[in-house]
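Peer 1: I'd like to ask some things about the structure below.
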Amino acid sequence: MENTLFIIGFSLFFLLLFFWGFRRLPDERWQVMACVPIEKTESGVWRGLNLTYYGFFNALACGVSISLLFMLLGSAGIPFAGIAVITVIVLALCVPASSIIARLVEKRPFTFSIGGASFVGILITPWIIIFTGRIVDNVIGTGFTIPLYPTLAAVSIAYAVGEGTGRLACISYGCCYGMPVSESGPFLRRIFNRYHFVFRGRTKKISYASNLEGVKVVPIQAITSTIHIVVALIGIVLYFNEFFFISFLIPFISTQLWRVLSEFLRADYRGHGSISLYQIMALVSLFYISTLVLFLPPAEPLHVDILKGIRSLWNPSVIITLEAIVITIFIYTGRSDMTASSVTLHMNSERA
């Protein structure tokens with residue numbers, strides 16, 4: 001019963017969030033969240049720092065996905081110390097990688113790449129889980145190790161949720177956009193003439209990078225979000241039923257295959273050539289994990305208690321860790337280097 005209620009609540013949350021986000025976020029209004037005056041010029045106008053909804057939704061994606069990760073692993077009885085160490089190390093390596101790989105591939109100094117971050121995460125996460133388990137075992141001294149497949153399954157599900165939620169950030173900023181509907185094939189054109197995005201605002205990336213403001217484009221971000229949340233839900237159901245191996249593979253394989261396919265429907269610059277480096281990364285990831293699982297020990301039986309997982313979130317250490325991660329992600333990705341603002345301050349004389 002608890003599992004069913006959780007799945008229903010989880011589904012309703014994303015249904016409402018996506019229903020609102022897909023309709024509103026392409027508008028100009030939903031790019032800049034706030035302008036903070038930071039330096040006054042000689043003319044009396046303040047130079048402003050723009051804080052973006054891109055950063056807000058990235059922070060939301062991290063908060064939701066890491067909360068889910070903590071809940072899933074907590075329901076399997078995995079200690080918080082091990083979960084926190086794995087999470088912090090993976091984020092510490094993947095978040096900078098999202099910027100570094102984007103600069104190398106897209107030749108833009110002020111951008112981020114989810115594909116680049118996920119590629120690094122896929123390469124390092126299995127080993128981080130293994131070594132963290134050994135460290136936790138040595139520190140706790142109880143003979144307890146972090147089970148590999150339940151942890152990989154939880155990470156795979158959380159990643160799918162994180163990227164699915166994070167695509168709202170892409171809609172807000174107007175990046176990772178689809179090709180014009182007019183350039184798609186006849187079958188796709190019939191579909192996307194009805195279901196499409198039209199971005200507004202000169203500061204949206206789709207406008208200044210591809211001059212596609214006001215043009216019907218394939219809603220690739222919305223499709224990606226939907227696919228990722230659906231496969232995550234499938235993974236959660238399997239996880240609750242203790243099918244850890246398959247609950248790891250389904251979200252992982254689905255998200256990486258979709259990354260390969262979705263690139264063919266995108267119009268933003270992804271590097272030279274008909275096959276992008278991000279598609280190659282996804283294919284390498286699939287080969288890497290497929291090879292790795294041949295050498296990993298089989299999944300061991302482990303009982304999952306969802307109520308135990310939910311209760312594990314109500315812990316000061318968990319709450320403080322989540323707050324620190326969310327704030328850090330917002331500051332790192334929400335400070336806009338691509339846009340600037342001028343702010344004037346004045347009194348409301350009628351209220352003086």
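As shown in the structure tokens, the chain order sets the letters A, B, ...; within each chain, residues go from 1, and ligands are also counted from 1 in the order they appear.
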Write out as an mmCIF file with N, CA and C atoms, in the first residue's frame the residues lying within 7 Å of Lys216 of chain A, counting only C-alpha atoms and excluding same-chain residues fewer than 6 positions away.

Peer 2:
data_model
loop_
_atom_site.group_PDB
_atom_site.id
_atom_site.type_symbol
_atom_site.label_atom_id
_atom_site.label_comp_id
_atom_site.auth_asym_id
_atom_site.auth_seq_id
_atom_site.Cartn_x
_atom_site.Cartn_y
_atom_site.Cartn_z
ATOM 1 N N PRO A 180 13.746 23.012 -35.985
ATOM 2 C CA PRO A 180 12.467 23.589 -36.415
ATOM 3 C C PRO A 180 11.534 22.508 -36.946
ATOM 4 N N VAL A 181 10.267 22.617 -36.611
ATOM 5 C CA VAL A 181 9.287 21.632 -37.057
ATOM 6 C C VAL A 181 9.266 21.551 -38.572
ATOM 7 N N HIS A 196 4.528 21.453 -29.865
ATOM 8 C CA HIS A 196 5.818 22.075 -30.141
ATOM 9 C C HIS A 196 6.108 23.134 -29.092
ATOM 10 N N PHE A 197 7.324 23.665 -29.146
ATOM 11 C CA PHE A 197 7.699 24.817 -28.331
ATOM 12 C C PHE A 197 7.911 26.022 -29.245
ATOM 13 N N VAL A 198 7.557 27.195 -28.737
ATOM 14 C CA VAL A 198 7.900 28.460 -29.382
ATOM 15 C C VAL A 198 8.548 29.327 -28.303
#

Peer 1: I'd like the neighbourhood of Leu152 of chain A as a PyMOL selection string, where a residue qualifies if any of its atoms comes within 10 Å (using only C-alpha atoms), though same-chain residues fewer than 5 positions away should be ignored.

Peer 2: chain A and resi 73+122+125-126+129+147+157-158+244-245+247-249+252

Peer 1: Now that the selection is made, can you save its residues with C-alpha atoms as a tab-separated table (two decimals), in the first residue's frame?

Peer 2:
chain	number	residue	atom	x	y	z
A	73	LEU	CA	19.13	3.62	-0.14
A	122	ILE	CA	28.87	6.63	-15.29
A	125	THR	CA	30.27	5.78	-9.84
A	126	PRO	CA	30.69	1.96	-9.68
A	129	ILE	CA	30.55	2.74	-4.52
A	147	PRO	CA	25.62	-3.46	-1.58
A	157	ILE	CA	16.91	5.91	-10.94
A	158	ALA	CA	17.97	9.16	-9.26
A	244	PHE	CA	17.86	-4.53	-8.20
A	245	PHE	CA	19.74	-5.63	-11.31
A	247	SER	CA	15.95	-1.69	-11.90
A	248	PHE	CA	19.51	-0.52	-12.52
A	249	LEU	CA	19.63	-1.49	-16.19
A	252	PHE	CA	20.44	3.42	-17.44

Peer 1: Could you pull the residues within 8 Å of Ala76 of chain A, counting only C-alpha atoms, minus those fewer than 5 positions along the same chain, as a CSV table (one decimal) with N, CA and C atoms, in the first residue's frame?

Peer 2:
chain,number,residue,atom,x,y,z
A,150,PRO,N,22.0,-2.7,-5.4
A,150,PRO,CA,21.0,-1.8,-4.9
A,150,PRO,C,21.4,-0.3,-5.0
A,302,LEU,N,18.1,-8.4,-0.6
A,302,LEU,CA,18.1,-7.3,0.4
A,302,LEU,C,16.7,-6.8,0.5
A,303,HIS,N,16.3,-6.7,1.7
A,303,HIS,CA,14.9,-6.3,2.0
A,303,HIS,C,14.8,-4.7,1.9
A,304,VAL,N,13.7,-4.3,1.3
A,304,VAL,CA,13.4,-2.8,1.1
A,304,VAL,C,12.2,-2.5,1.9
A,305,ASP,N,12.3,-1.4,2.7
A,305,ASP,CA,11.2,-0.9,3.5
A,305,ASP,C,11.0,0.6,3.2
A,309,GLY,N,12.8,4.2,4.6
A,309,GLY,CA,13.5,5.1,3.7
A,309,GLY,C,13.0,6.5,3.9

Peer 1: Name all residues at most 8 Å from Gly82 of chain A (count only C-alpha atoms; drop same-chain ones fewer than 2 positions away) and give them as an mmCIF file with C-alpha atoms, in the first residue's frame.

Peer 2:
data_model
loop_
_atom_site.group_PDB
_atom_site.id
_atom_site.type_symbol
_atom_site.label_atom_id
_atom_site.label_comp_id
_atom_site.auth_asym_id
_atom_site.auth_seq_id
_atom_site.Cartn_x
_atom_site.Cartn_y
_atom_site.Cartn_z
ATOM 1 C CA ILE A 78 22.379 1.575 3.809
ATOM 2 C CA PRO A 79 24.004 3.954 6.326
ATOM 3 C CA PHE A 80 23.796 7.689 5.743
ATOM 4 C CA ALA A 84 26.654 11.068 1.730
ATOM 5 C CA VAL A 85 30.237 10.211 0.777
ATOM 6 C CA ILE A 86 29.178 8.701 -2.555
ATOM 7 C CA THR A 132 33.256 3.806 -0.231
ATOM 8 C CA GLY A 133 31.782 0.510 0.937
ATOM 9 C CA VAL A 136 32.457 2.486 5.664
ATOM 10 C CA ILE A 146 27.475 -1.050 0.744
#

Peer 1: Pick out the closest residue to Leu25 of chain A from this set: A:Ile331, A:Ile280, A:Leu261, A:Cys170. Count only C-alpha atoms.

Peer 2: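 Checking each candidate against Leu25 of chain A, we get A:Cys170 as the closest.
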
Peer 1: Record the distance separating atom CA of Ser182 of chain A and atom CA of Ile227 of chain A, expressed in Å with one decimal.

Peer 2: 23.7 Å

Peer 1: Between A:Glu183, A:Glu263, A:Glu28, A:Glu42, which has the minimum distance to Arg202 of chain A (counting only C-alpha atoms)?

Peer 2: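 Closest to Arg202 of chain A of all the choices is A:Glu28.
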
Peer 1: Which is closer to Cys94 of chain A than all the others in A:Phe119, A:Trp46, A:Phe10, A:Phe70, using only C-alpha atoms?

Peer 2: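 Closest candidate: A:Phe119.
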
Peer 1: Considering only C-alpha atoms, state which residue in the set A:Asn3, A:Gln256, A:Ser65, A:Ser276 is at the smallest distance from Val237 of chain A.

Peer 2: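 Among A:Asn3, A:Gln256, A:Ser65, A:Ser276, it is A:Asn3 that comes nearest to Val237 of chain A.
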
Peer 1: Running DSSP on the backbone, which parts of segment 99-319 of chain A land in strand (DSSP E), as a list in words?

Peer 2: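 Taking segment 99-319 of chain A and keeping strand (DSSP E) only, one gets Phe197, Val198, Lys216 and Val217 of chain A.
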
Peer 1: Do you know which residues are at most 9 Å from segment 33-35 of chain A counting only C-alpha atoms, after dropping those on the same chain fewer than 2 positions away, and could you put them as number ranges by chain?

Peer 2: A: 29-31, 37, 48-54, 56, 340-343

Peer 1: Set the distance at 12 Å and use only C-alpha atoms: which residues neighbour Ile236 of chain A once local chain neighbours fewer than 3 positions away are removed? I'd like the list as a VMD selection string.

Peer 2: chain A and resid 3 to 4 6 to 8 10 to 11 68 to 69 71 to 73 75 150 153 to 158 160 to 161 229 to 233 239 to 244 246 to 251 304 306

Peer 1: Atom CA of Thr291 of chain A and atom CA of Tyr149 of chain A are how many Å apart?

Peer 2: 15.0 Å

Peer 1: Pick out the closest residue to Ala222 of chain A from this set: A:Phe199, A:Phe19, A:Phe57, A:Phe13. Count only C-alpha atoms.

Peer 2: A:Phe19

Peer 1: Can you list, as number ranges by chain, every residue of segment 151-270 of chain A that DSSP puts in helix (DSSP H, G or I)?

Peer 2: A: 151-173, 181-183, 186-192, 205-210, 220-240, 244-265

Peer 1: Mind giving me the straight-line distance from atom CA of Phe187 of chain A to atom CA of Ile223 of chain A in Å, one decimal?

Peer 2: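 Separation between atom CA of Phe187 of chain A and atom CA of Ile223 of chain A: 16.4 Å.
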
Peer 1: Closest to Arg335 of chain A among A:Leu212, A:Val217, A:Leu286, A:Val36, using only C-alpha atoms?

Peer 2: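 Going through A:Leu212, A:Val217, A:Leu286, A:Val36 one by one, the smallest distance to Arg335 of chain A is for A:Val36.
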